[in-house]
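Asker: The structure file entry_30.txt (compact mmCIF, C-alpha atoms) is provided below.
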```txt
# COMPACT_ATOMS: atom_id res chain seq x y z
CA MET A 1 77.22 132.30 64.66
CA ASP A 2 78.08 135.96 64.19
CA TRP A 3 81.13 137.78 65.55
CA GLN A 4 79.48 138.94 68.75
CA GLY A 5 78.12 135.45 69.24
CA GLN A 6 81.55 133.90 68.88
CA LYS A 7 82.99 136.25 71.47
CA LEU A 8 80.10 135.45 73.80
CA ALA A 9 80.54 131.72 73.27
CA GLU A 10 84.25 131.89 74.10
CA GLN A 11 83.73 133.97 77.22
CA LEU A 12 80.90 131.76 78.41
CA MET A 13 83.01 128.66 77.88
CA GLN A 14 85.93 130.00 79.91
CA ILE A 15 83.82 131.34 82.76
CA LEU A 16 81.61 128.25 83.00
CA LEU A 17 84.53 125.82 83.01
CA LEU A 18 86.43 127.78 85.65
CA ALA A 19 83.32 128.13 87.81
CA PHE A 20 82.57 124.41 87.61
CA ALA A 21 86.20 123.62 88.44
CA VAL A 22 86.06 125.75 91.58
CA VAL A 23 82.71 124.28 92.65
CA ALA A 24 83.92 120.75 91.95
CA PHE A 25 87.14 121.21 93.91
CA ILE A 26 85.39 122.70 96.93
CA THR A 27 82.71 120.01 96.89
CA GLY A 28 85.29 117.24 96.60
CA TYR A 29 87.56 118.68 99.29
CA PHE A 30 84.88 119.19 101.90
CA THR A 31 83.18 115.84 101.31
CA ALA A 32 86.62 114.12 101.18
CA SER A 33 85.59 112.45 97.95
CA PHE A 34 87.87 112.64 94.94
CA GLN A 35 85.28 110.85 92.86
CA LEU A 36 82.66 113.49 93.64
CA MET A 37 85.01 116.20 92.45
CA ILE A 38 85.62 114.42 89.16
CA LEU A 39 81.94 113.68 88.60
CA THR A 40 80.86 117.23 89.38
CA TYR A 41 83.48 118.66 87.07
CA PHE A 42 82.63 116.24 84.29
CA GLY A 43 78.95 117.15 84.58
CA GLY A 44 79.98 120.78 84.31
CA VAL A 45 82.00 120.10 81.19
CA ILE A 46 79.01 118.44 79.53
CA LEU A 47 76.74 121.32 80.50
CA THR A 48 79.22 123.84 79.13
CA THR A 49 79.46 121.87 75.91
CA LEU A 50 75.68 121.99 75.51
CA VAL A 51 75.63 125.75 76.11
CA THR A 52 78.56 126.93 74.03
CA VAL A 53 79.18 124.50 71.18
CA PRO A 54 75.89 124.24 69.27
CA ASN A 55 74.82 127.21 67.22
CA TRP A 56 72.03 128.54 69.44
CA PRO A 57 69.87 131.46 68.18
CA PHE A 58 71.04 133.84 70.91
CA TYR A 59 74.49 133.76 69.37
CA ASN A 60 73.05 135.28 66.21
CA ARG A 61 71.59 138.52 67.50
CA HIS A 62 74.02 140.76 65.60
CA PRO A 63 73.96 139.22 62.16
CA LEU A 64 76.32 140.46 59.50
CA LYS A 65 74.82 142.80 57.00
CA TRP A 66 75.73 141.21 53.71
CA LEU A 67 75.61 143.43 50.66
CA ASP A 68 72.37 143.17 48.68
CA SER A 69 72.89 141.34 45.38
CA SER A 70 71.38 144.22 43.36
CA GLU A 71 74.17 146.51 44.66
CA VAL A 72 76.82 144.17 43.25
CA GLU A 73 75.76 144.89 39.69
CA LYS A 74 75.91 148.68 40.25
CA HIS A 75 79.55 148.51 41.35
CA PRO A 76 81.41 146.24 38.96
CA LYS A 77 84.68 144.69 39.98
CA PRO A 78 87.62 146.82 38.76
CA GLN A 79 89.44 145.30 35.72
CA PRO A 80 93.20 144.84 36.10
CA SER A 81 95.11 147.13 33.66
CA ALA A 82 97.75 145.71 31.23
CA ASN A 83 100.64 147.54 33.01
CA SER A 84 99.95 146.29 36.49
CA THR A 85 99.98 142.57 35.62
CA SER A 86 103.43 142.67 33.95
CA LYS A 87 105.15 144.17 36.97
CA LYS A 88 106.04 141.70 39.60
CA LYS A 89 108.01 142.74 42.68
CA PRO A 90 110.81 140.33 43.58
CA VAL A 91 110.45 138.67 46.97
CA LYS A 92 113.26 139.74 49.31
CA LYS A 93 114.65 136.87 51.39
CA MET B 1 85.21 130.07 67.16
CA HIS B 2 83.46 129.99 63.90
CA SER B 3 82.57 126.33 63.60
CA PHE B 4 81.30 123.48 65.73
CA GLY B 5 84.59 121.58 65.59
CA TYR B 6 86.62 124.67 66.44
CA ARG B 7 84.59 125.42 69.55
CA ALA B 8 84.48 121.79 70.65
CA ASN B 9 88.26 121.55 70.36
CA ALA B 10 88.84 124.76 72.32
CA LEU B 11 86.46 123.64 75.04
CA LEU B 12 88.00 120.20 75.40
CA THR B 13 91.55 121.55 75.56
CA PHE B 14 90.66 124.14 78.17
CA ALA B 15 88.68 121.60 80.20
CA ILE B 16 91.56 119.16 80.33
CA THR B 17 94.07 121.88 81.24
CA ILE B 18 91.85 122.91 84.13
CA LEU B 19 91.53 119.26 85.17
CA ALA B 20 95.32 119.04 85.36
CA LEU B 21 95.37 122.14 87.56
CA MET B 22 92.71 120.65 89.84
CA CYS B 23 94.74 117.47 90.24
CA ALA B 24 97.84 119.52 91.09
CA MET B 25 95.85 121.42 93.72
CA ALA B 26 94.53 118.16 95.13
CA SER B 27 98.10 116.90 95.49
CA LEU B 28 99.19 120.14 97.16
CA SER B 29 96.33 119.81 99.63
CA ASP B 30 98.00 116.65 100.93
CA ASN B 31 100.67 118.84 102.50
CA LEU B 32 98.04 120.24 104.85
CA ASN B 33 97.63 116.82 106.44
CA SER B 34 99.78 116.26 109.56
CA PRO B 35 99.64 112.53 110.27
CA SER B 36 100.19 110.88 113.65
CA PRO B 37 100.74 107.18 113.02
CA SER B 38 101.76 104.60 115.60
CA ALA B 39 103.14 101.09 115.38
CA HIS B 40 104.24 98.28 117.67
CA VAL B 41 105.88 94.93 116.94
CA GLN B 42 106.25 92.09 119.37
CA VAL B 43 108.55 89.19 118.48
CA LEU B 44 106.77 86.19 119.93
CA ASN B 45 109.12 83.43 119.01
CA VAL B 46 112.25 82.69 117.04
CA ASN B 47 111.14 79.59 115.14
CA TRP B 48 114.56 78.55 113.95
CA PHE B 49 117.99 80.06 113.50
CA GLN B 50 120.28 78.16 111.15
CA LYS B 51 123.43 78.50 109.18
CA GLN B 52 122.70 77.73 105.54
CA PRO B 53 124.91 75.40 103.46
CA ASN B 54 126.29 78.40 101.56
CA GLY B 55 127.42 79.94 104.85
CA ASN B 56 124.77 82.62 105.42
CA ASP B 57 122.69 82.89 108.56
CA GLU B 58 118.94 82.60 108.32
CA VAL B 59 116.33 83.20 110.99
CA SER B 60 112.58 82.70 111.03
CA MET B 61 110.40 84.38 113.63
CA THR B 62 106.75 84.87 114.51
CA MET B 63 105.58 88.38 115.31
CA ASN B 64 102.54 90.36 116.36
CA ILE B 65 102.46 93.49 114.21
CA SER B 66 100.01 96.21 115.15
CA ALA B 67 99.71 99.73 113.79
CA ASP B 68 97.32 102.64 113.48
CA LEU B 69 97.95 104.37 110.16
CA GLN B 70 94.52 105.94 109.80
CA SER B 71 95.79 109.52 110.02
CA LEU B 72 97.84 109.01 106.85
CA PHE B 73 94.74 108.79 104.67
CA THR B 74 93.46 111.93 102.92
CA TRP B 75 90.81 112.41 100.24
CA ASN B 76 93.59 112.05 97.69
CA THR B 77 94.93 108.71 98.98
CA LYS B 78 94.55 105.63 96.85
CA GLN B 79 96.33 103.15 99.11
CA VAL B 80 99.15 102.88 101.62
CA PHE B 81 101.95 100.40 101.06
CA VAL B 82 103.50 99.37 104.38
CA PHE B 83 106.46 97.11 105.06
CA LEU B 84 108.43 96.04 108.10
CA ALA B 85 112.20 95.94 107.78
CA ALA B 86 114.84 94.55 110.13
CA GLU B 87 117.84 96.87 110.31
CA TYR B 88 121.21 96.07 111.78
CA GLU B 89 124.92 96.70 111.37
CA THR B 90 127.65 94.23 110.44
CA PRO B 91 131.40 94.65 109.97
CA LYS B 92 130.90 94.23 106.23
CA ASN B 93 127.87 96.59 105.82
CA SER B 94 127.16 99.67 107.90
CA LEU B 95 123.43 99.19 107.31
CA ASN B 96 121.53 96.05 106.42
CA GLN B 97 117.81 96.35 105.74
CA ILE B 98 115.72 93.26 105.20
CA SER B 99 112.02 93.40 104.45
CA LEU B 100 110.24 90.84 106.60
CA TRP B 101 106.61 91.60 105.82
CA ASP B 102 104.61 93.95 103.62
CA GLY B 103 101.01 94.71 102.88
CA ILE B 104 98.73 97.07 101.02
CA ILE B 105 96.12 99.03 102.95
CA PRO B 106 93.35 99.98 100.52
CA SER B 107 91.28 102.28 102.73
CA LYS B 108 91.16 104.11 106.03
CA GLU B 109 89.01 101.44 107.66
CA HIS B 110 91.74 98.84 107.14
CA ALA B 111 94.51 101.10 108.40
CA LYS B 112 94.21 100.14 112.06
CA PHE B 113 95.34 96.54 112.13
CA TRP B 114 96.82 93.77 114.24
CA ILE B 115 98.29 90.68 112.63
CA HIS B 116 99.97 87.58 113.91
CA THR B 117 102.38 86.26 111.31
CA SER B 118 105.74 84.73 110.66
CA ASN B 119 108.06 86.69 108.41
CA LYS B 120 106.70 86.74 104.87
CA TYR B 121 110.15 87.10 103.34
CA ARG B 122 113.26 85.25 104.40
CA PHE B 123 115.58 86.91 106.86
CA ILE B 124 118.99 85.94 105.45
CA ASP B 125 122.22 87.66 106.32
CA GLN B 126 125.22 88.24 104.05
CA GLY B 127 127.51 86.19 106.23
CA ARG B 128 127.34 84.74 109.71
CA ASN B 129 126.76 87.85 111.79
CA LEU B 130 123.37 87.27 113.31
CA ARG B 131 124.19 85.45 116.55
CA GLY B 132 123.30 87.71 119.44
CA LYS B 133 122.70 90.57 116.99
CA GLU B 134 120.77 93.62 118.13
CA PHE B 135 118.45 94.97 115.48
CA ASN B 136 115.76 97.60 114.90
CA LEU B 137 112.41 96.82 113.40
CA THR B 138 111.38 99.76 111.25
CA MET B 139 107.92 100.15 109.81
CA HIS B 140 108.08 102.02 106.51
CA TRP B 141 105.10 103.25 104.55
CA HIS B 142 104.41 104.87 101.21
CA VAL B 143 101.23 106.88 100.92
CA MET B 144 100.20 106.49 97.29
CA PRO B 145 97.98 109.31 96.04
CA LYS B 146 95.20 109.30 93.49
CA THR B 147 97.08 112.13 91.75
CA GLY B 148 100.40 113.78 92.50
CA LYS B 149 103.20 113.33 95.01
CA MET B 150 103.81 110.15 97.00
CA PHE B 151 104.91 110.56 100.62
CA ALA B 152 107.09 108.03 102.43
CA ASP B 153 108.02 107.89 106.09
CA LYS B 154 108.87 105.41 108.83
CA ILE B 155 108.81 104.57 112.53
CA VAL B 156 111.95 103.02 114.04
CA MET B 157 111.42 100.53 116.85
CA PRO B 158 114.75 99.63 118.44
CA GLY B 159 115.65 97.06 121.01
CA TYR B 160 115.26 93.63 119.45
CA ARG B 161 117.90 90.96 119.79
CA LEU B 162 118.53 87.59 118.18
CA PRO B 163 119.53 84.51 120.18
CA GLU B 164 123.19 83.86 120.94
CA GLU B 165 123.25 80.34 119.50
CA TYR B 166 121.74 78.58 116.53
CA ARG B 167 118.62 76.54 117.18
```
Give the structure from this file in structure tokens form.

Answerer:
Amino acid sequence: MDWQGQKLAEQLMQILLLAFAVVAFITGYFTASFQLMILTYFGGVILTTLVTVPNWPFYNRHPLKWLDSSEVEKHPKPQPSANSTSKKKPVKK
Amino acid sequence: MHSFGYRANALLTFAITILALMCAMASLSDNLNSPSPSAHVQVLNVNWFQKQPNGNDEVSMTMNISADLQSLFTWNTKQVFVFLAAEYETPKNSLNQISLWDGIIPSKEHAKFWIHTSNKYRFIDQGRNLRGKEFNLTMHWHVMPKTGKMFADKIVMPGYRLPEEYR
């Protein structure tokens, strides 16, 4: 899942759970059935799990652009100099 | 939200928090209910009225107990616990309360009832004060919810009197 997909998954999860909670409460209240409220809500939780938890393709529409491996060789990692490794700043408590 | 476990955990935590909020709202909705219960007790017969060897009075009686507690039930009610108590005053105690009968009402259909019974629990005084005693019969109930706050209330029925002499 890419970054945009993660944000989408989190938003979807929150909105879906809240919406199912409201629907479940209203259904339970007006049919005077506590059990119906719990069952409706639980069904909603399962549905939300199926939508937001697995790594569906639509969460990967903005994939990260990883650097091409041929570019890595053109820009070698900088070597640490002899001076910089001997200096160590004391940690202030 | 980068892994399966991370998302599943976040979802489950949020879902359970919302469930707790829904249960709190269900309990609050009980306050919207304005019940109108009624009850009536008729003492048919005082079976016996004795002084026990240890000096305390005891009485046994047969009663008709009828009540309509249907308006107490809401969608969030699990059961109603009801009991009938005899209440009277003695020189030693300003208030004596003795439970004579109790029952559990599991649903609204059972809440309108009429029973003919002798007292389920023994009516024993702390002393010998019961001859000619005037007492109230009070029906108490506890409405037990499926989630949340329990409500308790009562109906006081005054005007009952025990016999003047032992029998």

Asker: Could you jot down the CA of Gln97 (chain B) to CA of His116 (chain B) separation for me, Å, one decimal place?

Answerer: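 CA of His116 (chain B) lies at a distance of 21.5 Å from CA of Gln97 (chain B).
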
Asker: Define the interface residues of chain A facing chain B as those within 6 Å, counting all atoms listed in the file, and report them as a list in words.

Answerer: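 So the contacting residues turn out to be Gln6, Ala32, Ser33 and Val53 of chain A.
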
Asker: One decimal, in Å: what's the spacing between CA of Met139 (chain B) and CA of Ala85 (chain B)?

Answerer: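 So the answer is 6.3 Å.
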
Asker: Would you work out the distance separating CA of Thr13 (chain B) from CA of Leu47 (chain A), expressed in Å to one decimal?

Answerer: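 According to the coordinates, CA of Thr13 (chain B) and CA of Leu47 (chain A) are separated by 15.6 Å.
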
Asker: Find the spatial neighbours of region 101-103 of chain B, counting all atoms listed in the file, within a cut-off of 10 Å - ignore same-chain residues fewer than 6 positions away - and output them as a count of residues only.

Answerer: 17

Asker: Could you tell me which of B:Asn54, B:Leu72, B:Ile105, B:Asp125 comes closest to Asn93 (chain B) if we count only C-alpha atoms?

Answerer: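 With only C-alpha atoms as the atom set, the closest residue is B:Asp125.
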